[in-house]
>>> print(open('coords.pdb').read())   # PDB, C-alpha atoms
ATOM      1  CA  MET A 591     -14.795  59.938 -60.105
ATOM      2  CA  THR A 592     -12.842  60.222 -56.980
ATOM      3  CA  ASN A 593     -14.137  58.475 -53.837
ATOM      4  CA  LEU A 594     -14.087  61.245 -51.211
ATOM      5  CA  THR A 595     -14.805  58.830 -48.349
ATOM      6  CA  SER A 596     -11.711  56.736 -48.877
ATOM      7  CA  VAL A 597      -8.847  57.016 -46.470
ATOM      8  CA  PRO A 598      -5.293  56.906 -47.694
ATOM      9  CA  GLY A 599      -3.726  53.529 -46.985
ATOM     10  CA  ALA A 600      -7.085  51.861 -46.250
ATOM     11  CA  ASP A 601      -6.579  49.368 -49.051
ATOM     12  CA  VAL A 602      -3.452  48.055 -47.373
ATOM     13  CA  VAL A 603      -4.217  44.891 -45.345
ATOM     14  CA  PRO A 604      -2.319  44.886 -42.042
ATOM     15  CA  ASP A 605      -0.116  41.859 -41.361
ATOM     16  CA  THR A 606      -1.942  40.637 -38.236
ATOM     17  CA  LYS A 607      -0.175  37.311 -38.280
ATOM     18  CA  ALA A 608       3.172  39.018 -38.132
ATOM     19  CA  LYS A 609       2.007  41.143 -35.192
ATOM     20  CA  LYS A 610       0.672  38.136 -33.272
ATOM     21  CA  SER A 611       3.837  36.220 -33.758
ATOM     22  CA  ALA A 612       6.106  39.138 -33.013
ATOM     23  CA  GLY A 613       6.874  38.025 -29.452
ATOM     24  CA  VAL A 614       6.930  34.280 -30.128
ATOM     25  CA  LYS A 615      10.066  32.290 -30.644
ATOM     26  CA  PRO A 616       9.393  29.673 -33.303
ATOM     27  CA  SER A 617      12.541  27.784 -32.429
ATOM     28  CA  THR A 618      11.347  27.298 -28.815
ATOM     29  CA  LYS A 619       8.019  25.972 -30.078
ATOM     30  CA  ARG A 620       9.745  23.540 -32.382
ATOM     31  CA  ASP A 621      12.030  22.408 -29.558
ATOM     32  CA  ILE A 622       9.048  21.772 -27.276
ATOM     33  CA  ASN A 623       7.214  19.827 -29.969
ATOM     34  CA  ALA A 624      10.310  17.772 -30.711
ATOM     35  CA  PHE A 625      10.848  17.034 -27.029
ATOM     36  CA  THR A 626       7.190  16.011 -26.655
ATOM     37  CA  GLY A 627       7.473  13.668 -29.609
ATOM     38  CA  ILE A 628      10.627  12.054 -28.214
ATOM     39  CA  ALA A 629       8.932  11.681 -24.835
ATOM     40  CA  HIS A 630       5.926   9.981 -26.441
ATOM     41  CA  ILE A 631       8.182   7.578 -28.332
ATOM     42  CA  GLY A 632      10.040   6.780 -25.111
ATOM     43  CA  LEU A 633       6.782   6.121 -23.276
ATOM     44  CA  ILE A 634       5.567   3.836 -26.068
ATOM     45  CA  LEU A 635       8.828   1.855 -25.994
ATOM     46  CA  TRP A 636       8.651   1.618 -22.198
ATOM     47  CA  ALA A 637       5.039   0.404 -22.366
ATOM     48  CA  LEU A 638       5.966  -2.240 -24.942
ATOM     49  CA  ALA A 639       8.959  -3.388 -22.875
ATOM     50  CA  THR A 640       6.740  -3.664 -19.783
ATOM     51  CA  ALA A 641       3.545  -5.087 -21.239
ATOM     52  CA  GLY A 642       5.167  -7.227 -23.942
ATOM     53  CA  PRO A 643       6.458 -10.003 -21.650
ATOM     54  CA  LEU A 644       3.174 -10.057 -19.723
ATOM     55  CA  ILE A 645       1.142 -10.421 -22.913
ATOM     56  CA  TRP A 646       3.508 -13.165 -24.140
ATOM     57  CA  VAL A 647       3.107 -15.100 -20.860
ATOM     58  CA  VAL A 648      -0.683 -14.918 -21.107
ATOM     59  CA  LEU A 649      -0.670 -16.100 -24.733
ATOM     60  CA  ALA A 650       1.847 -18.862 -23.972
ATOM     61  CA  SER A 651      -0.455 -20.193 -21.247
ATOM     62  CA  PHE A 652      -2.873 -21.283 -23.999
ATOM     63  CA  LYS A 653      -0.218 -23.006 -26.129
ATOM     64  CA  SER A 654       1.430 -26.406 -26.072
ATOM     65  CA  ASN A 655       5.169 -26.957 -25.680
ATOM     66  CA  THR A 656       5.434 -27.472 -29.426
ATOM     67  CA  GLU A 657       3.786 -24.151 -30.189
ATOM     68  CA  ILE A 658       5.950 -22.314 -27.674
ATOM     69  CA  PHE A 659       9.353 -23.667 -28.755
ATOM     70  CA  LEU A 660       9.003 -25.151 -32.261
ATOM     71  CA  GLY A 661       6.100 -23.226 -33.706
ATOM     72  CA  LYS A 662       5.595 -19.482 -33.751
ATOM     73  CA  PRO A 663       6.269 -18.304 -30.196
ATOM     74  CA  PHE A 664       4.976 -14.784 -30.833
ATOM     75  CA  ALA A 665       1.859 -15.824 -32.769
ATOM     76  CA  LEU A 666      -1.618 -16.281 -31.358
ATOM     77  CA  PRO A 667      -2.408 -19.775 -30.025
ATOM     78  CA  GLU A 668      -4.288 -22.159 -32.283
ATOM     79  CA  SER A 669      -7.096 -22.487 -29.729
ATOM     80  CA  PHE A 670      -7.974 -20.743 -26.491
ATOM     81  CA  SER A 671      -8.574 -23.567 -24.032
ATOM     82  CA  PHE A 672      -8.632 -23.018 -20.284
ATOM     83  CA  GLN A 673      -7.610 -26.597 -19.565
ATOM     84  CA  THR A 674      -4.091 -25.436 -18.694
ATOM     85  CA  TYR A 675      -5.528 -23.185 -15.990
ATOM     86  CA  VAL A 676      -7.603 -26.054 -14.632
ATOM     87  CA  ASP A 677      -4.507 -28.260 -14.544
ATOM     88  CA  ALA A 678      -2.460 -25.549 -12.861
ATOM     89  CA  TRP A 679      -5.167 -24.887 -10.270
ATOM     90  CA  SER A 680      -5.832 -28.516  -9.314
ATOM     91  CA  GLU A 681      -3.025 -30.842 -10.413
ATOM     92  CA  ALA A 682      -0.161 -28.389  -9.792
ATOM     93  CA  HIS A 683      -1.801 -27.289  -6.502
ATOM     94  CA  VAL A 684      -1.710 -23.619  -7.499
ATOM     95  CA  GLY A 685      -5.126 -23.166  -5.907
ATOM     96  CA  ARG A 686      -3.779 -24.221  -2.513
ATOM     97  CA  TYR A 687      -0.732 -21.992  -2.877
ATOM     98  CA  PHE A 688      -2.981 -19.118  -3.960
ATOM     99  CA  PHE A 689      -5.207 -19.302  -0.886
ATOM    100  CA  ASN A 690      -2.167 -19.645   1.384
ATOM    101  CA  SER A 691      -0.772 -16.415  -0.065
ATOM    102  CA  VAL A 692      -4.119 -14.626   0.271
ATOM    103  CA  ILE A 693      -4.429 -15.532   3.970
ATOM    104  CA  VAL A 694      -0.845 -14.548   4.824
ATOM    105  CA  VAL A 695      -0.924 -11.283   2.862
ATOM    106  CA  ILE A 696      -4.277 -10.174   4.327
ATOM    107  CA  ILE A 697      -3.177 -10.765   7.929
ATOM    108  CA  SER A 698       0.309  -9.309   7.507
ATOM    109  CA  THR A 699      -0.947  -6.248   5.609
ATOM    110  CA  ALA A 700      -3.588  -5.567   8.274
ATOM    111  CA  GLY A 701      -0.959  -5.849  11.023
ATOM    112  CA  THR A 702       1.473  -3.650   9.100
ATOM    113  CA  MET A 703      -1.087  -0.914   8.514
ATOM    114  CA  LEU A 704      -2.326  -0.925  12.115
ATOM    115  CA  LEU A 705       1.099  -0.794  13.738
ATOM    116  CA  GLY A 706       2.684   1.374  11.045
ATOM    117  CA  SER A 707      -0.069   4.001  11.043
ATOM    118  CA  MET A 708      -0.063   4.240  14.843
ATOM    119  CA  ALA A 709       3.725   4.605  14.986
ATOM    120  CA  ALA A 710       3.752   7.137  12.150
ATOM    121  CA  TYR A 711       0.980   9.193  13.779
ATOM    122  CA  VAL A 712       2.803   9.409  17.116
ATOM    123  CA  LEU A 713       6.139  10.258  15.495
ATOM    124  CA  ALA A 714       4.562  12.900  13.248
ATOM    125  CA  ARG A 715       2.165  14.645  15.657
ATOM    126  CA  TYR A 716       3.783  14.387  19.096
ATOM    127  CA  ARG A 717       7.042  15.742  20.438
ATOM    128  CA  PHE A 718       8.870  13.725  23.072
ATOM    129  CA  PRO A 719      12.486  12.849  23.908
ATOM    130  CA  GLY A 720      13.812  10.353  21.389
ATOM    131  CA  ASN A 721      11.251  11.217  18.711
ATOM    132  CA  ARG A 722      13.849  11.692  15.970
ATOM    133  CA  PHE A 723      15.851   8.702  17.162
ATOM    134  CA  PHE A 724      12.934   6.302  16.779
ATOM    135  CA  TYR A 725      11.963   7.864  13.442
ATOM    136  CA  TYR A 726      15.449   7.424  11.976
ATOM    137  CA  LEU A 727      15.582   3.931  13.478
ATOM    138  CA  PHE A 728      12.528   3.008  11.416
ATOM    139  CA  VAL A 729      13.885   4.752   8.321
ATOM    140  CA  SER A 730      17.224   2.952   8.607
ATOM    141  CA  GLY A 731      15.365  -0.293   7.939
ATOM    142  CA  LEU A 732      14.920   0.867   4.331
ATOM    143  CA  ALA A 733      18.660   0.571   3.766
ATOM    144  CA  PHE A 734      18.937  -2.912   5.257
ATOM    145  CA  PRO A 735      19.088  -5.618   2.525
ATOM    146  CA  THR A 736      16.755  -8.542   3.059
ATOM    147  CA  PHE A 737      19.224 -11.268   2.177
ATOM    148  CA  MET A 738      21.682 -10.137   4.876
ATOM    149  CA  ALA A 739      19.231 -11.114   7.631
ATOM    150  CA  LEU A 740      18.167 -14.487   6.258
ATOM    151  CA  GLY A 741      20.681 -16.491   8.327
ATOM    152  CA  PRO A 742      20.001 -14.818  11.700
ATOM    153  CA  LEU A 743      16.290 -14.773  10.925
ATOM    154  CA  PHE A 744      16.264 -18.527  10.377
ATOM    155  CA  TYR A 745      17.851 -19.280  13.768
ATOM    156  CA  ILE A 746      15.725 -16.710  15.619
ATOM    157  CA  LEU A 747      12.498 -18.239  14.331
ATOM    158  CA  LYS A 748      13.826 -21.736  14.989
ATOM    159  CA  ASN A 749      14.605 -20.899  18.634
ATOM    160  CA  MET A 750      11.179 -19.307  19.020
ATOM    161  CA  GLY A 751       9.440 -22.348  17.541
ATOM    162  CA  LEU A 752       7.975 -20.287  14.689
ATOM    163  CA  LEU A 753       9.897 -21.858  11.829
ATOM    164  CA  GLY A 754       7.592 -23.379   9.241
ATOM    165  CA  THR A 755       4.537 -21.526  10.564
ATOM    166  CA  TYR A 756       2.371 -18.785   9.118
ATOM    167  CA  THR A 757       2.681 -16.880  12.392
ATOM    168  CA  GLY A 758       6.425 -16.538  11.941
ATOM    169  CA  LEU A 759       6.026 -15.493   8.314
ATOM    170  CA  VAL A 760       3.389 -12.882   9.180
ATOM    171  CA  LEU A 761       5.627 -11.382  11.876
ATOM    172  CA  VAL A 762       8.550 -11.245   9.445
ATOM    173  CA  TYR A 763       6.407  -9.603   6.769
ATOM    174  CA  ILE A 764       5.227  -6.978   9.250
ATOM    175  CA  ALA A 765       8.777  -6.272  10.432
ATOM    176  CA  TYR A 766      10.075  -5.799   6.888
ATOM    177  CA  SER A 767       7.108  -3.653   5.788
ATOM    178  CA  LEU A 768       7.090  -1.276   8.763
ATOM    179  CA  PRO A 769      10.062   0.958   7.770
ATOM    180  CA  PHE A 770       8.575   2.167   4.492
ATOM    181  CA  THR A 771       5.078   2.349   5.979
ATOM    182  CA  VAL A 772       6.222   4.563   8.861
ATOM    183  CA  PHE A 773       8.375   6.686   6.548
ATOM    184  CA  PHE A 774       5.511   7.286   4.111
ATOM    185  CA  LEU A 775       2.710   7.848   6.620
ATOM    186  CA  ALA A 776       4.746  10.055   8.965
ATOM    187  CA  ALA A 777       5.250  12.540   6.154
ATOM    188  CA  PHE A 778       1.562  12.274   5.271
ATOM    189  CA  PHE A 779       0.306  12.822   8.828
ATOM    190  CA  LYS A 780       2.422  15.974   9.074
ATOM    191  CA  THR A 781       0.407  17.567   6.259
ATOM    192  CA  LEU A 782      -2.936  17.188   8.057
ATOM    193  CA  PRO A 783      -4.272  20.413   9.645
ATOM    194  CA  TYR A 784      -3.544  20.864  13.336
ATOM    195  CA  GLU A 785      -6.677  22.941  13.877
ATOM    196  CA  ILE A 786      -8.936  19.879  13.687
ATOM    197  CA  ASP A 787      -6.669  18.051  16.107
ATOM    198  CA  GLU A 788      -6.819  20.938  18.563
ATOM    199  CA  ALA A 789     -10.601  21.235  18.211
ATOM    200  CA  ALA A 790     -11.006  17.540  19.007
ATOM    201  CA  THR A 791      -8.772  17.944  22.069
ATOM    202  CA  VAL A 792     -10.867  20.874  23.291
ATOM    203  CA  ASP A 793     -14.024  18.775  22.861
ATOM    204  CA  GLY A 794     -12.516  16.139  25.141
ATOM    205  CA  ALA A 795     -11.587  13.491  22.567
ATOM    206  CA  SER A 796      -8.965  10.992  23.733
ATOM    207  CA  HIS A 797      -5.807  10.257  21.762
ATOM    208  CA  THR A 798      -7.243   6.933  20.598
ATOM    209  CA  ARG A 799     -10.493   8.499  19.454
ATOM    210  CA  LYS A 800      -8.693  11.294  17.623
ATOM    211  CA  PHE A 801      -6.563   8.773  15.778
ATOM    212  CA  PHE A 802      -9.247   6.280  14.732
ATOM    213  CA  GLN A 803     -12.210   8.626  14.176
ATOM    214  CA  ILE A 804     -10.544  11.804  12.905
ATOM    215  CA  MET A 805      -7.013  11.315  11.638
ATOM    216  CA  MET A 806      -7.384   7.975   9.889
ATOM    217  CA  PRO A 807     -10.412   9.070   7.778
ATOM    218  CA  MET A 808      -8.525  12.234   6.833
ATOM    219  CA  ALA A 809      -5.494  10.178   5.794
ATOM    220  CA  ARG A 810      -7.531   7.662   3.801
ATOM    221  CA  SER A 811      -5.820   8.344   0.458
ATOM    222  CA  GLY A 812      -2.374   7.882   1.962
ATOM    223  CA  LEU A 813      -3.452   4.730   3.796
ATOM    224  CA  VAL A 814      -4.878   3.233   0.599
ATOM    225  CA  SER A 815      -1.672   3.977  -1.307
ATOM    226  CA  ILE A 816       0.681   2.391   1.206
ATOM    227  CA  THR A 817      -1.709  -0.546   1.669
ATOM    228  CA  ILE A 818      -1.506  -1.355  -2.041
ATOM    229  CA  PHE A 819       2.287  -1.065  -1.969
ATOM    230  CA  ASN A 820       2.459  -3.473   0.957
ATOM    231  CA  ILE A 821       0.093  -5.944  -0.688
ATOM    232  CA  VAL A 822       2.109  -5.983  -3.909
ATOM    233  CA  GLY A 823       5.437  -6.265  -2.080
ATOM    234  CA  GLN A 824       4.314  -9.088   0.190
ATOM    235  CA  TRP A 825       2.486 -10.934  -2.589
ATOM    236  CA  ASN A 826       5.636 -10.997  -4.753
ATOM    237  CA  GLN A 827       8.014 -11.895  -1.902
ATOM    238  CA  TYR A 828      10.052 -15.043  -2.485
ATOM    239  CA  LEU A 829      13.171 -15.094  -0.273
ATOM    240  CA  LEU A 830      11.395 -14.740   3.060
ATOM    241  CA  PRO A 831       8.847 -17.550   2.482
ATOM    242  CA  VAL A 832      11.638 -19.871   1.311
ATOM    243  CA  VAL A 833      13.504 -19.332   4.604
ATOM    244  CA  VAL A 834      10.532 -19.282   6.976
ATOM    245  CA  ILE A 835       8.284 -21.932   5.398
ATOM    246  CA  SER A 836      10.722 -24.828   5.533
ATOM    247  CA  GLY A 837      11.019 -28.168   7.281
ATOM    248  CA  PRO A 838       8.530 -31.055   7.601
ATOM    249  CA  GLY A 839       5.120 -30.379   6.073
ATOM    250  CA  ALA A 840       6.301 -27.259   4.239
ATOM    251  CA  GLU A 841       4.862 -28.515   0.922
ATOM    252  CA  ASN A 842       1.313 -27.908   2.135
ATOM    253  CA  LYS A 843       2.123 -24.439   3.506
ATOM    254  CA  MET A 844       3.961 -22.993   0.502
ATOM    255  CA  LEU A 845       2.949 -19.625  -0.863
ATOM    256  CA  LEU A 846       2.292 -18.920  -4.523
ATOM    257  CA  THR A 847       5.813 -17.775  -5.386
ATOM    258  CA  GLN A 848       7.285 -20.873  -3.741
ATOM    259  CA  GLY A 849       4.790 -23.132  -5.470
ATOM    260  CA  ILE A 850       5.521 -21.737  -8.930
ATOM    261  CA  ALA A 851       9.264 -22.127  -8.392
ATOM    262  CA  GLN A 852       8.677 -25.662  -7.117
ATOM    263  CA  ILE A 853       6.672 -26.527 -10.251
ATOM    264  CA  SER A 854       9.489 -25.324 -12.489
ATOM    265  CA  VAL A 855      12.276 -27.084 -10.565
ATOM    266  CA  ALA A 856      10.460 -30.379 -10.002
ATOM    267  CA  ALA A 857       9.451 -30.815 -13.648
ATOM    268  CA  GLY A 858      12.949 -30.183 -15.015
ATOM    269  CA  TYR A 859      13.201 -30.555 -18.779
ATOM    270  CA  HIS A 860       9.827 -32.318 -18.957
ATOM    271  CA  ALA A 861       7.865 -29.317 -17.708
ATOM    272  CA  GLN A 862       4.478 -28.536 -19.142
ATOM    273  CA  TRP A 863       5.329 -24.916 -19.821
ATOM    274  CA  SER A 864       1.786 -23.847 -20.634
ATOM    275  CA  THR A 865       0.730 -24.956 -17.147
ATOM    276  CA  LEU A 866       3.628 -23.032 -15.640
ATOM    277  CA  PHE A 867       2.693 -19.906 -17.608
ATOM    278  CA  ALA A 868      -0.922 -20.345 -16.512
ATOM    279  CA  ALA A 869       0.256 -20.390 -12.889
ATOM    280  CA  LEU A 870       2.271 -17.223 -13.527
ATOM    281  CA  THR A 871      -0.786 -15.555 -15.043
ATOM    282  CA  LEU A 872      -2.867 -16.478 -11.990
ATOM    283  CA  SER A 873      -0.236 -14.876  -9.767
ATOM    284  CA  ILE A 874      -0.075 -11.693 -11.842
ATOM    285  CA  LEU A 875      -3.774 -11.022 -12.410
ATOM    286  CA  PRO A 876      -4.757 -10.259  -8.770
ATOM    287  CA  MET A 877      -2.200  -7.451  -8.511
ATOM    288  CA  ILE A 878      -3.263  -5.951 -11.843
ATOM    289  CA  ILE A 879      -6.905  -6.031 -10.746
ATOM    290  CA  VAL A 880      -6.096  -4.443  -7.372
ATOM    291  CA  TYR A 881      -4.104  -1.660  -8.992
ATOM    292  CA  ALA A 882      -6.776  -1.053 -11.644
ATOM    293  CA  ILE A 883      -9.475  -0.710  -8.968
ATOM    294  CA  PHE A 884      -7.505   1.583  -6.646
ATOM    295  CA  GLN A 885      -5.514   3.509  -9.264
ATOM    296  CA  ARG A 886      -7.072   6.892  -8.504
ATOM    297  CA  GLN A 887      -6.706   6.454  -4.742
ATOM    298  CA  ILE A 888      -3.040   5.551  -5.174
ATOM    299  CA  GLN A 889      -2.369   8.634  -7.288
ATOM    300  CA  ALA A 890      -4.297  10.843  -4.853
ATOM    301  CA  GLY A 891      -2.302   9.493  -1.929
ATOM    302  CA  LEU A 892       1.026  10.048  -3.668
ATOM    303  CA  THR A 893       0.206  13.644  -4.623
ATOM    304  CA  ALA A 894      -1.722  14.731  -1.512
ATOM    305  CA  GLY A 895       1.407  15.492   0.482
ATOM    306  CA  ALA A 896       2.874  17.580  -2.314
ATOM    307  CA  VAL A 897      -0.346  19.574  -2.872
ATOM    308  CA  LYS A 898      -0.875  20.311   0.806
TER     309      LYS A 898
END
>>> encode(input="coords.pdb", output="structure tokens")
Amino acid sequence: MTNLTSVPGADVVPDTKAKKSAGVKPSTKRDINAFTGIAHIGLILWALATAGPLIWVVLASFKSNTEIFLGKPFALPESFSFQTYVDAWSEAHVGRYFFNSVIVVIISTAGTMLLGSMAAYVLARYRFPGNRFFYYLFVSGLAFPTFMALGPLFYILKNMGLLGTYTGLVLVYIAYSLPFTVFFLAAFFKTLPYEIDEAATVDGASHTRKFFQIMMPMARSGLVSITIFNIVGQWNQYLLPVVVISGPGAENKMLLTQGIAQISVAAGYHAQWSTLFAALTLSILPMIIVYAIFQRQIQAGLTAGAVK
């Protein structure tokens, strides 16, 4: 019996998959997937190349010289004892060097951020004769190599009586950190809305009040980012402390980078390498902790100028 309700061609199933993929280029999809896979492999290799030496230093700090050089250098230590860290902190005077670095970096970073933010705000928000000249004068400091100024810097500080003092080192740190600070913050201050600035002026706010109570809170993400960069750069500095902290009594004023280098040089071939690696770990951990805590603020500060 014939089914009168059937429609001719109804039993043919349409190729929906073919229709959906009609405008898609499979080759492009494959290329994107291949590129993503290569990018992931590159990132994994980069992470291993970066984190591998750090992990090895931390593991070596728990080993003896025999384990490091004659045993299995890439294996886990036989026992995890913190005696090497105690020796590094007390006997190798790493604790003293650590606190010296903390004091110098805190003062110099605070001075850099205060002076740099004020200079960047004026150069970014005000127009006056010589504005571009002073801006490019700050920016030109980025292209000036540090080692070229070590000789003149030594004699300048010596004539000023600041050689071998923390005051001289703090001033040098501030001078060398200002160019990048002004360059970064000037671009950031330009992105802030002018309407709020004008409203504060109409309400009778002074320039100082506008800067400290309005502009600085609005630029908090940028200030946090550049503060972290300055802390890391000054904490890892080696050439400038070697030149400035010299002369009689310099052993008690050394910073952490100087102290670690002094431990390595003074011990010679009889160095207790686990103690040296423990000192290196103590110098690395603070910067990792600081970056881990302020990671989101750093990323927000770096992308805020681009978004706005």
>>> resolve_selection(input="coords.pdb", expression="the PyMOL selection byres ((chain A and resi 863) around 12)", output="ChimeraX atom specification")
/A:647-659,674-675,677-678,682,850,853-855,857-862,864-870
>>> write_last_selection(input="coords.pdb", atoms="C-alpha atoms", output="tab-separated table (two decimals), in the frame of the given file")
chain	number	residue	atom	x	y	z
A	647	VAL	CA	3.11	-15.10	-20.86
A	648	VAL	CA	-0.68	-14.92	-21.11
A	649	LEU	CA	-0.67	-16.10	-24.73
A	650	ALA	CA	1.85	-18.86	-23.97
A	651	SER	CA	-0.46	-20.19	-21.25
A	652	PHE	CA	-2.87	-21.28	-24.00
A	653	LYS	CA	-0.22	-23.01	-26.13
A	654	SER	CA	1.43	-26.41	-26.07
A	655	ASN	CA	5.17	-26.96	-25.68
A	656	THR	CA	5.43	-27.47	-29.43
A	657	GLU	CA	3.79	-24.15	-30.19
A	658	ILE	CA	5.95	-22.31	-27.67
A	659	PHE	CA	9.35	-23.67	-28.76
A	674	THR	CA	-4.09	-25.44	-18.69
A	675	TYR	CA	-5.53	-23.18	-15.99
A	677	ASP	CA	-4.51	-28.26	-14.54
A	678	ALA	CA	-2.46	-25.55	-12.86
A	682	ALA	CA	-0.16	-28.39	-9.79
A	850	ILE	CA	5.52	-21.74	-8.93
A	853	ILE	CA	6.67	-26.53	-10.25
A	854	SER	CA	9.49	-25.32	-12.49
A	855	VAL	CA	12.28	-27.08	-10.56
A	857	ALA	CA	9.45	-30.82	-13.65
A	858	GLY	CA	12.95	-30.18	-15.02
A	859	TYR	CA	13.20	-30.56	-18.78
A	860	HIS	CA	9.83	-32.32	-18.96
A	861	ALA	CA	7.86	-29.32	-17.71
A	862	GLN	CA	4.48	-28.54	-19.14
A	864	SER	CA	1.79	-23.85	-20.63
A	865	THR	CA	0.73	-24.96	-17.15
A	866	LEU	CA	3.63	-23.03	-15.64
A	867	PHE	CA	2.69	-19.91	-17.61
A	868	ALA	CA	-0.92	-20.34	-16.51
A	869	ALA	CA	0.26	-20.39	-12.89
A	870	LEU	CA	2.27	-17.22	-13.53
>>> atom_distance(input="coords.pdb", atom1="CA of Gly685 (chain A)", atom2="CA of Leu759 (chain A)")
19.6 Å
>>> atom_distance(input="coords.pdb", atom1="CA of Thr817 (chain A)", atom2="CA of Thr699 (chain A)")
7.0 Å
>>> axis_aligned_box(input="coords.pdb", around="region 861-878 of chain A", padding_each_side="6 Å", output="lines of an AutoDock Vina configuration file")
center_x = 1.6
center_y = -17.6
center_z = -14.6
size_x = 24.6
size_y = 35.4
size_z = 24.1
>>> atom_distance(input="coords.pdb", atom1="CA of Asn826 (chain A)", atom2="CA of Gly632 (chain A)")
27.4 Å
>>> residues_around(input="coords.pdb", residues="region 771-787 of chain A", least_positions_apart="2", cutoff="9 Å", atoms="only C-alpha atoms", output="JSON, numbers by chain")
{"A": [702, 703, 705, 706, 707, 708, 709, 710, 711, 712, 713, 714, 715, 725, 726, 728, 729, 767, 768, 769, 789, 790, 791, 792, 800, 804, 805, 808, 809, 812, 813, 816, 817, 820, 891, 894, 895, 896, 898]}
>>> write_last_selection(input="coords.pdb", atoms="C-alpha atoms", output="compact mmCIF listing (two decimals), in the frame of the given file")
# COMPACT_ATOMS: atom_id res chain seq x y z
CA THR A 702 1.47 -3.65 9.10
CA MET A 703 -1.09 -0.91 8.51
CA LEU A 705 1.10 -0.79 13.74
CA GLY A 706 2.68 1.37 11.04
CA SER A 707 -0.07 4.00 11.04
CA MET A 708 -0.06 4.24 14.84
CA ALA A 709 3.72 4.61 14.99
CA ALA A 710 3.75 7.14 12.15
CA TYR A 711 0.98 9.19 13.78
CA VAL A 712 2.80 9.41 17.12
CA LEU A 713 6.14 10.26 15.50
CA ALA A 714 4.56 12.90 13.25
CA ARG A 715 2.16 14.64 15.66
CA TYR A 725 11.96 7.86 13.44
CA TYR A 726 15.45 7.42 11.98
CA PHE A 728 12.53 3.01 11.42
CA VAL A 729 13.88 4.75 8.32
CA SER A 767 7.11 -3.65 5.79
CA LEU A 768 7.09 -1.28 8.76
CA PRO A 769 10.06 0.96 7.77
CA ALA A 789 -10.60 21.24 18.21
CA ALA A 790 -11.01 17.54 19.01
CA THR A 791 -8.77 17.94 22.07
CA VAL A 792 -10.87 20.87 23.29
CA LYS A 800 -8.69 11.29 17.62
CA ILE A 804 -10.54 11.80 12.90
CA MET A 805 -7.01 11.32 11.64
CA MET A 808 -8.52 12.23 6.83
CA ALA A 809 -5.49 10.18 5.79
CA GLY A 812 -2.37 7.88 1.96
CA LEU A 813 -3.45 4.73 3.80
CA ILE A 816 0.68 2.39 1.21
CA THR A 817 -1.71 -0.55 1.67
CA ASN A 820 2.46 -3.47 0.96
CA GLY A 891 -2.30 9.49 -1.93
CA ALA A 894 -1.72 14.73 -1.51
CA GLY A 895 1.41 15.49 0.48
CA ALA A 896 2.87 17.58 -2.31
CA LYS A 898 -0.88 20.31 0.81
>>> closest_residue(input="coords.pdb", among="A:Leu830, A:Val684, A:Ala624, A:Leu644", to="Asn842 (chain A)", atoms="only C-alpha atoms")
A:Val684
>>> residues_around(input="coords.pdb", residues="Gln848 (chain A)", least_positions_apart="5", cutoff="12 Å", atoms="only C-alpha atoms", output="MDAnalysis selection string")
chainID A and resid 683:684 686:688 690:691 825:836 840:843 853:856 869:870 873
>>> resolve_selection(input="coords.pdb", expression="the PyMOL selection byres ((chain A and resi 760) around 9)", output="PyMOL selection string")
chain A and resi 694-695+697-699+701+755-759+761-765
>>> closest_residue(input="coords.pdb", among="A:Pro719, A:Gly754, A:Ile696, A:Ser680", to="Gly839 (chain A)", atoms="all atoms listed in the file")
A:Gly754
>>> closest_residue(input="coords.pdb", among="A:Gly849, A:Tyr766, A:Ser669, A:Asn623", to="Gly731 (chain A)", atoms="all atoms listed in the file")
A:Tyr766
>>> resolve_selection(input="coords.pdb", expression="the PyMOL selection byres ((chain A and resi 880) around 12)", output="list in words")
Val814, Ser815, Thr817, Ile818, Phe819, Asn820, Ile821, Val822, Trp825, Ile874, Leu875, Pro876, Met877, Ile878, Ile879, Tyr881, Ala882, Ile883, Phe884, Gln885, Arg886, Gln887 and Ile888 of chain A
>>> closest_residue(input="coords.pdb", among="A:Gly751, A:Phe770, A:Glu681, A:Phe670", to="Ala733 (chain A)", atoms="only C-alpha atoms")
A:Phe770
>>> closest_residue(input="coords.pdb", among="A:Phe718, A:Gln824, A:Met806, A:Phe737", to="Leu845 (chain A)", atoms="all atoms listed in the file")
A:Gln824
>>> build_atoms(input="coords.pdb", residues="region 756-760 of chain A", atoms="N, CA, C and O atoms", output="mmCIF file, keeping the file's coordinate frame")
data_model
loop_
_atom_site.group_PDB
_atom_site.id
_atom_site.type_symbol
_atom_site.label_atom_id
_atom_site.label_comp_id
_atom_site.auth_asym_id
_atom_site.auth_seq_id
_atom_site.Cartn_x
_atom_site.Cartn_y
_atom_site.Cartn_z
ATOM 1 N N TYR A 756 2.855 -20.040 9.682
ATOM 2 C CA TYR A 756 2.371 -18.785 9.118
ATOM 3 C C TYR A 756 2.545 -17.631 10.103
ATOM 4 O O TYR A 756 2.722 -16.477 9.699
ATOM 5 N N THR A 757 2.490 -17.926 11.387
ATOM 6 C CA THR A 757 2.681 -16.880 12.392
ATOM 7 C C THR A 757 4.052 -16.245 12.261
ATOM 8 O O THR A 757 4.197 -15.011 12.285
ATOM 9 N N GLY A 758 5.082 -17.067 12.120
ATOM 10 C CA GLY A 758 6.425 -16.538 11.941
ATOM 11 C C GLY A 758 6.559 -15.735 10.665
ATOM 12 O O GLY A 758 7.198 -14.674 10.646
ATOM 13 N N LEU A 759 5.942 -16.213 9.580
ATOM 14 C CA LEU A 759 6.026 -15.493 8.314
ATOM 15 C C LEU A 759 5.294 -14.160 8.380
ATOM 16 O O LEU A 759 5.776 -13.144 7.855
ATOM 17 N N VAL A 760 4.139 -14.134 9.041
ATOM 18 C CA VAL A 760 3.389 -12.882 9.180
ATOM 19 C C VAL A 760 4.193 -11.864 9.983
ATOM 20 O O VAL A 760 4.270 -10.675 9.618
#
